[in-house]
Structure formats: C-alpha cells, structure tokens
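Data block for start.pdb (PDB, C-alpha atoms):
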MODEL        1
ATOM      1  CA  MET A   1       0.000   0.000   0.000  1.00  0.00           C
ATOM      2  CA  SER A   2       1.338   3.481  -0.732  1.00  0.00           C
ATOM      3  CA  VAL A   3       0.163   6.927   0.257  1.00  0.00           C
ATOM      4  CA  LYS A   4       1.695  10.016  -1.354  1.00  0.00           C
ATOM      5  CA  GLY A   5       4.874   8.187  -2.360  1.00  0.00           C
ATOM      6  CA  HIS A   6       5.393   6.349   0.952  1.00  0.00           C
ATOM      7  CA  VAL A   7       5.302   2.583   0.985  1.00  0.00           C
ATOM      8  CA  TYR A   8       3.807   0.925   4.043  1.00  0.00           C
ATOM      9  CA  LEU A   9       4.368  -2.741   4.674  1.00  0.00           C
ATOM     10  CA  LEU A  10       1.304  -4.557   5.882  1.00  0.00           C
ATOM     11  CA  ASN A  11       2.926  -7.343   7.811  1.00  0.00           C
ATOM     12  CA  TRP A  12       0.654  -7.438  10.854  1.00  0.00           C
ATOM     13  CA  PRO A  13       1.170  -8.719  13.538  1.00  0.00           C
ATOM     14  CA  HIS A  14       4.852  -8.063  12.936  1.00  0.00           C
ATOM     15  CA  VAL A  15       6.527  -4.712  13.439  1.00  0.00           C
ATOM     16  CA  TYR A  16       6.524  -2.285  10.563  1.00  0.00           C
ATOM     17  CA  THR A  17      10.037  -1.427   9.473  1.00  0.00           C
ATOM     18  CA  GLN A  18      11.159   1.685   7.715  1.00  0.00           C
ATOM     19  CA  GLU A  19      14.332   2.553   5.874  1.00  0.00           C
ATOM     20  CA  GLY A  20      15.101   5.924   7.472  1.00  0.00           C
ATOM     21  CA  LEU A  21      14.955   7.495  10.880  1.00  0.00           C
ATOM     22  CA  SER A  22      12.157   9.734  12.115  1.00  0.00           C
ATOM     23  CA  PRO A  23      11.919  12.501  14.733  1.00  0.00           C
ATOM     24  CA  CYS A  24      10.361   9.864  17.017  1.00  0.00           C
ATOM     25  CA  HIS A  25      13.516   7.747  16.688  1.00  0.00           C
ATOM     26  CA  LEU A  26      15.631  10.752  17.652  1.00  0.00           C
ATOM     27  CA  LYS A  27      13.437  11.379  20.702  1.00  0.00           C
ATOM     28  CA  LYS A  28      13.690   7.723  21.718  1.00  0.00           C
ATOM     29  CA  ALA A  29      17.489   7.778  21.286  1.00  0.00           C
ATOM     30  CA  LYS A  30      17.733  10.873  23.490  1.00  0.00           C
ATOM     31  CA  LEU A  31      15.681   9.162  26.195  1.00  0.00           C
ATOM     32  CA  MET A  32      17.825   6.022  25.867  1.00  0.00           C
ATOM     33  CA  PHE A  33      20.861   8.190  26.624  1.00  0.00           C
ATOM     34  CA  PHE A  34      19.644   8.353  30.223  1.00  0.00           C
ATOM     35  CA  TYR A  35      20.614   4.669  30.434  1.00  0.00           C
ATOM     36  CA  ALA A  36      23.209   3.992  27.742  1.00  0.00           C
ATOM     37  CA  ARG A  37      25.773   6.589  26.789  1.00  0.00           C
ATOM     38  CA  TYR A  38      27.792   4.128  24.690  1.00  0.00           C
ATOM     39  CA  PRO A  39      25.311   1.700  23.058  1.00  0.00           C
ATOM     40  CA  SER A  40      26.612  -0.953  20.674  1.00  0.00           C
ATOM     41  CA  SER A  41      25.050  -1.427  17.252  1.00  0.00           C
ATOM     42  CA  ASN A  42      23.444  -4.649  18.574  1.00  0.00           C
ATOM     43  CA  THR A  43      21.868  -2.687  21.423  1.00  0.00           C
ATOM     44  CA  LEU A  44      20.483  -0.168  18.944  1.00  0.00           C
ATOM     45  CA  LYS A  45      19.007  -2.956  16.800  1.00  0.00           C
ATOM     46  CA  THR A  46      17.355  -4.453  19.887  1.00  0.00           C
ATOM     47  CA  TYR A  47      15.694  -1.213  20.972  1.00  0.00           C
ATOM     48  CA  PHE A  48      14.682   0.067  17.527  1.00  0.00           C
ATOM     49  CA  PRO A  49      12.774  -2.917  16.088  1.00  0.00           C
ATOM     50  CA  ASP A  50      10.874  -0.732  13.638  1.00  0.00           C
ATOM     51  CA  VAL A  51      14.053   0.421  11.868  1.00  0.00           C
ATOM     52  CA  LYS A  52      15.539  -1.405   8.926  1.00  0.00           C
ATOM     53  CA  PHE A  53      19.227  -1.177   9.753  1.00  0.00           C
ATOM     54  CA  ASN A  54      21.860  -0.677   7.123  1.00  0.00           C
ATOM     55  CA  ARG A  55      25.281   0.949   7.246  1.00  0.00           C
ATOM     56  CA  CYS A  56      23.902   4.467   6.804  1.00  0.00           C
ATOM     57  CA  VAL A  57      21.195   4.150   9.499  1.00  0.00           C
ATOM     58  CA  THR A  58      23.601   2.541  11.973  1.00  0.00           C
ATOM     59  CA  SER A  59      26.142   5.320  11.332  1.00  0.00           C
ATOM     60  CA  GLN A  60      23.490   7.982  11.877  1.00  0.00           C
ATOM     61  CA  MET A  61      22.383   6.494  15.194  1.00  0.00           C
ATOM     62  CA  ILE A  62      25.964   6.131  16.406  1.00  0.00           C
ATOM     63  CA  LYS A  63      26.539   9.768  15.415  1.00  0.00           C
ATOM     64  CA  TRP A  64      23.468  10.805  17.420  1.00  0.00           C
ATOM     65  CA  PHE A  65      24.872   9.170  20.556  1.00  0.00           C
ATOM     66  CA  SER A  66      28.251  10.750  19.886  1.00  0.00           C
ATOM     67  CA  ASN A  67      26.544  14.152  19.736  1.00  0.00           C
ATOM     68  CA  PHE A  68      24.582  13.391  22.932  1.00  0.00           C
ATOM     69  CA  ARG A  69      27.838  12.529  24.724  1.00  0.00           C
ATOM     70  CA  GLU A  70      29.532  15.653  23.396  1.00  0.00           C
ATOM     71  CA  PHE A  71      26.739  17.855  24.764  1.00  0.00           C
ATOM     72  CA  PHE A  72      26.825  15.997  28.107  1.00  0.00           C
ATOM     73  CA  TYR A  73      30.592  16.358  28.504  1.00  0.00           C
ATOM     74  CA  ILE A  74      30.598  20.015  27.422  1.00  0.00           C
ATOM     75  CA  GLN A  75      28.039  20.771  30.129  1.00  0.00           C
ATOM     76  CA  MET A  76      30.009  18.815  32.749  1.00  0.00           C
ATOM     77  CA  GLU A  77      33.220  20.662  31.915  1.00  0.00           C
ATOM     78  CA  ARG A  78      31.463  24.023  31.853  1.00  0.00           C
ATOM     79  CA  PHE A  79      29.886  23.540  35.287  1.00  0.00           C
ATOM     80  CA  ALA A  80      33.085  22.040  36.746  1.00  0.00           C
ATOM     81  CA  ARG A  81      35.149  25.034  35.552  1.00  0.00           C
ATOM     82  CA  GLN A  82      32.545  27.401  36.987  1.00  0.00           C
ATOM     83  CA  ALA A  83      32.726  25.578  40.347  1.00  0.00           C
ATOM     84  CA  VAL A  84      36.524  25.816  40.383  1.00  0.00           C
ATOM     85  CA  ARG A  85      36.353  29.556  39.622  1.00  0.00           C
ATOM     86  CA  GLU A  86      33.799  30.086  42.385  1.00  0.00           C
ATOM     87  CA  ALA A  87      35.904  28.093  44.868  1.00  0.00           C
ATOM     88  CA  LEU A  88      38.831  30.492  44.531  1.00  0.00           C
ATOM     89  CA  THR A  89      39.034  33.926  46.117  1.00  0.00           C
ATOM     90  CA  ARG A  90      40.634  36.865  44.308  1.00  0.00           C
ATOM     91  CA  ASP A  91      44.077  35.964  45.640  1.00  0.00           C
ATOM     92  CA  GLY A  92      43.732  32.328  44.548  1.00  0.00           C
ATOM     93  CA  ALA A  93      43.235  30.733  47.970  1.00  0.00           C
ATOM     94  CA  PRO A  94      40.525  28.051  48.252  1.00  0.00           C
ATOM     95  CA  ARG A  95      37.301  29.260  49.857  1.00  0.00           C
ATOM     96  CA  LEU A  96      35.429  25.976  50.196  1.00  0.00           C
ATOM     97  CA  GLY A  97      36.251  22.314  50.496  1.00  0.00           C
ATOM     98  CA  ARG A  98      36.765  21.567  46.806  1.00  0.00           C
ATOM     99  CA  GLU A  99      33.790  19.333  46.121  1.00  0.00           C
ATOM    100  CA  SER A 100      31.697  20.034  49.207  1.00  0.00           C
ATOM    101  CA  GLN A 101      28.783  21.556  47.318  1.00  0.00           C
ATOM    102  CA  LEU A 102      29.351  19.994  43.908  1.00  0.00           C
ATOM    103  CA  ARG A 103      26.349  17.859  42.952  1.00  0.00           C
ATOM    104  CA  VAL A 104      23.704  17.284  40.334  1.00  0.00           C
ATOM    105  CA  GLY A 105      20.193  17.212  41.747  1.00  0.00           C
ATOM    106  CA  ARG A 106      16.759  17.653  40.251  1.00  0.00           C
ATOM    107  CA  ASP A 107      16.809  21.213  41.615  1.00  0.00           C
ATOM    108  CA  THR A 108      20.067  22.273  39.911  1.00  0.00           C
ATOM    109  CA  GLU A 109      20.663  24.301  36.763  1.00  0.00           C
ATOM    110  CA  LEU A 110      22.818  21.527  35.277  1.00  0.00           C
ATOM    111  CA  TYR A 111      19.972  19.026  35.670  1.00  0.00           C
ATOM    112  CA  ARG A 112      17.548  21.482  34.052  1.00  0.00           C
ATOM    113  CA  ILE A 113      19.849  21.936  31.046  1.00  0.00           C
ATOM    114  CA  LEU A 114      20.380  18.188  30.588  1.00  0.00           C
ATOM    115  CA  ASN A 115      16.683  17.415  31.012  1.00  0.00           C
ATOM    116  CA  MET A 116      15.687  20.074  28.470  1.00  0.00           C
ATOM    117  CA  HIS A 117      18.166  18.681  25.962  1.00  0.00           C
ATOM    118  CA  TYR A 118      17.327  14.972  26.240  1.00  0.00           C
ATOM    119  CA  ASN A 119      13.736  15.161  27.480  1.00  0.00           C
ATOM    120  CA  LYS A 120      12.421  18.367  25.952  1.00  0.00           C
ATOM    121  CA  SER A 121       8.740  17.580  26.467  1.00  0.00           C
ATOM    122  CA  ASN A 122       9.523  16.555  30.054  1.00  0.00           C
ATOM    123  CA  VAL A 123       7.084  13.632  29.912  1.00  0.00           C
ATOM    124  CA  TYR A 124       9.699  11.034  30.808  1.00  0.00           C
ATOM    125  CA  GLN A 125      10.850  10.609  34.422  1.00  0.00           C
ATOM    126  CA  VAL A 126      14.632  11.013  34.446  1.00  0.00           C
ATOM    127  CA  PRO A 127      16.071   7.913  36.148  1.00  0.00           C
ATOM    128  CA  GLU A 128      17.938   8.388  39.416  1.00  0.00           C
ATOM    129  CA  ARG A 129      20.872   6.447  37.966  1.00  0.00           C
ATOM    130  CA  PHE A 130      21.379   9.145  35.301  1.00  0.00           C
ATOM    131  CA  ILE A 131      21.629  11.765  38.041  1.00  0.00           C
ATOM    132  CA  GLU A 132      24.217   9.575  39.815  1.00  0.00           C
ATOM    133  CA  VAL A 133      26.226   9.188  36.584  1.00  0.00           C
ATOM    134  CA  SER A 134      26.037  12.951  36.044  1.00  0.00           C
ATOM    135  CA  ASP A 135      27.308  13.477  39.597  1.00  0.00           C
ATOM    136  CA  VAL A 136      30.279  11.181  38.930  1.00  0.00           C
ATOM    137  CA  ALA A 137      31.066  12.946  35.655  1.00  0.00           C
ATOM    138  CA  LEU A 138      30.858  16.392  37.242  1.00  0.00           C
ATOM    139  CA  ARG A 139      33.128  15.382  40.136  1.00  0.00           C
ATOM    140  CA  GLU A 140      35.647  13.760  37.754  1.00  0.00           C
ATOM    141  CA  PHE A 141      35.786  16.901  35.590  1.00  0.00           C
ATOM    142  CA  HIS A 142      36.075  19.089  38.688  1.00  0.00           C
ATOM    143  CA  SER A 143      38.880  16.977  40.149  1.00  0.00           C
ATOM    144  CA  ALA A 144      40.831  16.982  36.876  1.00  0.00           C
ATOM    145  CA  ILE A 145      40.505  20.755  36.491  1.00  0.00           C
ATOM    146  CA  TRP A 146      41.232  21.461  40.179  1.00  0.00           C
ATOM    147  CA  THR A 147      44.437  19.409  40.081  1.00  0.00           C
ATOM    148  CA  GLY A 148      45.608  20.816  36.746  1.00  0.00           C
ATOM    149  CA  ARG A 149      45.289  17.558  34.820  1.00  0.00           C
ATOM    150  CA  ASP A 150      43.355  19.486  32.166  1.00  0.00           C
ATOM    151  CA  SER A 151      46.684  20.809  30.847  1.00  0.00           C
ATOM    152  CA  ASP A 152      47.321  17.355  29.297  1.00  0.00           C
ATOM    153  CA  PRO A 153      45.801  17.142  25.778  1.00  0.00           C
ATOM    154  CA  CYS A 154      44.314  13.709  26.589  1.00  0.00           C
ATOM    155  CA  TRP A 155      42.937  14.613  30.014  1.00  0.00           C
ATOM    156  CA  LYS A 156      39.318  13.702  29.232  1.00  0.00           C
ATOM    157  CA  LYS A 157      40.007  10.118  28.127  1.00  0.00           C
ATOM    158  CA  GLY A 158      40.164   8.847  31.709  1.00  0.00           C
ATOM    159  CA  ILE A 159      36.794  10.417  32.452  1.00  0.00           C
ATOM    160  CA  TYR A 160      35.259   8.848  29.344  1.00  0.00           C
ATOM    161  CA  LYS A 161      36.526   5.412  30.462  1.00  0.00           C
ATOM    162  CA  ILE A 162      34.866   5.841  33.857  1.00  0.00           C
ATOM    163  CA  ILE A 163      31.533   7.019  32.425  1.00  0.00           C
ATOM    164  CA  CYS A 164      31.318   4.301  29.760  1.00  0.00           C
ATOM    165  CA  LYS A 165      31.374   1.676  32.533  1.00  0.00           C
ATOM    166  CA  LEU A 166      28.338   3.272  34.181  1.00  0.00           C
ATOM    167  CA  ASP A 167      25.773   2.409  31.496  1.00  0.00           C
ATOM    168  CA  SER A 168      22.734   0.682  32.965  1.00  0.00           C
ATOM    169  CA  PRO A 169      20.145  -1.671  31.447  1.00  0.00           C
ATOM    170  CA  VAL A 170      17.639   0.025  29.179  1.00  0.00           C
ATOM    171  CA  PRO A 171      14.035  -0.680  30.296  1.00  0.00           C
ATOM    172  CA  ASP A 172      12.033  -3.176  28.232  1.00  0.00           C
ATOM    173  CA  ALA A 173       9.546  -0.448  27.287  1.00  0.00           C
ATOM    174  CA  PHE A 174      12.205   0.856  24.883  1.00  0.00           C
ATOM    175  CA  ARG A 175      12.047  -2.438  22.925  1.00  0.00           C
ATOM    176  CA  LEU A 176       8.631  -1.479  21.580  1.00  0.00           C
ATOM    177  CA  PRO A 177       8.303   0.584  18.409  1.00  0.00           C
ATOM    178  CA  GLY A 178       7.627   4.268  18.962  1.00  0.00           C
ATOM    179  CA  CYS A 179       8.545   6.592  21.802  1.00  0.00           C
ATOM    180  CA  PRO A 180       8.428   5.427  25.403  1.00  0.00           C
ATOM    181  CA  VAL A 181       6.458   7.509  27.876  1.00  0.00           C
ATOM    182  CA  GLY A 182       6.798   7.397  31.620  1.00  0.00           C
TER     183      GLY A 182
ENDMDL
END

Represent the structure from my file as structure tokens, please.
Amino acid sequence: MSVKGHVYLLNWPHVYTQEGLSPCHLKKAKLMFFYARYPSSNTLKTYFPDVKFNRCVTSQMIKWFSNFREFFYIQMERFARQAVREALTRDGAPRLGRESQLRVGRDTELYRILNMHYNKSNVYQVPERFIEVSDVALREFHSAIWTGRDSDPCWKKGIYKIICKLDSPVPDAFRLPGCPVG
C-alpha cells in the first residue's frame, strides 16, 4: 500500500520497518541516553525494532549518541570550571572544600539543562541512575581541572573510560516501536 509516495508494509502482527529514521527515533534515542551513553550497534538494533538497519542508518544512530555525549561532557566541563572559579578567592586561595557543594540534583541548573536537551517535552521521568552518573562525571571533571590535569591534551580520556562503565540496562519499554512515555 502506498500513500503520497510512501510505501507501508502490511505485515501485521509483525513490526513495521522503515528505511530511514524519524523525529520519534531521535526522541527515543535521546531518552535512551539516560541509560546507555555508549550503546553498541546490537543494542540499537534491539531497541529500535521498527528500523531497517543498514550501514547508513547505523552510522546515523551512532553519530546521534556521539553528539549526545559531546553535549553531556561540554556541560560537565562548563559547570566544573565554573565551580573551580567560584571556589577560589581573588588571591587564589581556596574558599570551600573543593567538592563540598558539587552535585547534580533535580533542583540544579545543570539538571535542568540536561533534562531540556534529552527530554524536551519533560514527559519522561529522568532515572535516578542518570543523576548519579552525572554526579560522577561532574566530580571527575572538577577533580581533573582542580588538580591541573586538564593541561594534558588527553585529560578527558580517563573520564570517558569511567563514564562508559556506568551504562545501565535500558528498560524493556524501549524495545517497543515508537517513543516510550513514563
């Protein structure tokens, strides 16, 4: 069956597959980022059953997650640098215990920025584990900047290795076609 140049496969009760990616797929990928920052191509195939995967589609999805990580790490570095600046007085002496007030909570500006980016409609409950991972990332960036490790050109690689180990299982609701809500 075709409607205005689009071909729809009638293979009920099976899942409809489509060649390209839709805005709904992008939304679902952003929500998946709360659980998996470094998904494998097999993970993507598992959680996007309505997508006909080929080299181009797989590349696009991997690029999406790369962009999600880039945004995440830029925000972590930005807030960590701001915290370091605020922790120093004019003469350079520490004012506070370095990480004493450094956290990501649902009431923080960093949380608001991340939630708006990955969960724009705010209909999905951000998992507590994502907040914990964000806390770890923020503290790791802060520690590296505070101790001057950011002068090394490869200083972020250690942080990436820590964060990639913190992926958590993606809920089964993501296995269904369409966008998860909840």

- Message: Here's the selection I'm unsure about, the PyMOL selection byres ((chain A and resi 101-112) around 10); applied to the file above, which residues does it give, as a ChimeraX atom specification?
- Response: /A:72,75-76,78-80,83-84,87,96-100,113-117,119,126,128,130-139,142

- For the atom pair atom CA of A:Cys154 and atom CA of A:Ser66, what is the interatomic distance in Å to one decimal place?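 So the two atoms, atom CA of A:Cys154 and atom CA of A:Ser66, lie 17.7 Å apart.
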
- Item | Residue nearest A:Pro39 among A:Val123, A:Trp64, A:Arg175, A:Phe71 (counting all atoms listed in the file) |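 Closest to A:Pro39 of all the choices is A:Trp64.
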
- Task: Using all atoms listed in the file, determine which residues lie at most 9 Å from A:Gly20, disregarding the query and same-chain residues fewer than 3 positions distant; provide the list as a list of chain:residue names.
- Result: A:Val51, A:Lys52, A:Phe53, A:Cys56, A:Val57

May I have the residues from that selection written out with C-alpha atoms, as a PDB file, in the coordinates of the input?
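Full text of again.pdb as output:
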ATOM      1  CA  VAL A  51      14.053   0.421  11.868  1.00  0.00           C
ATOM      2  CA  LYS A  52      15.539  -1.405   8.926  1.00  0.00           C
ATOM      3  CA  PHE A  53      19.227  -1.177   9.753  1.00  0.00           C
ATOM      4  CA  CYS A  56      23.902   4.467   6.804  1.00  0.00           C
ATOM      5  CA  VAL A  57      21.195   4.150   9.499  1.00  0.00           C
TER       6      VAL A  57
END

- Record the distance separating atom CA of A:Tyr118 and atom CA of A:Leu26, expressed in Å with one decimal. 9.7 Å
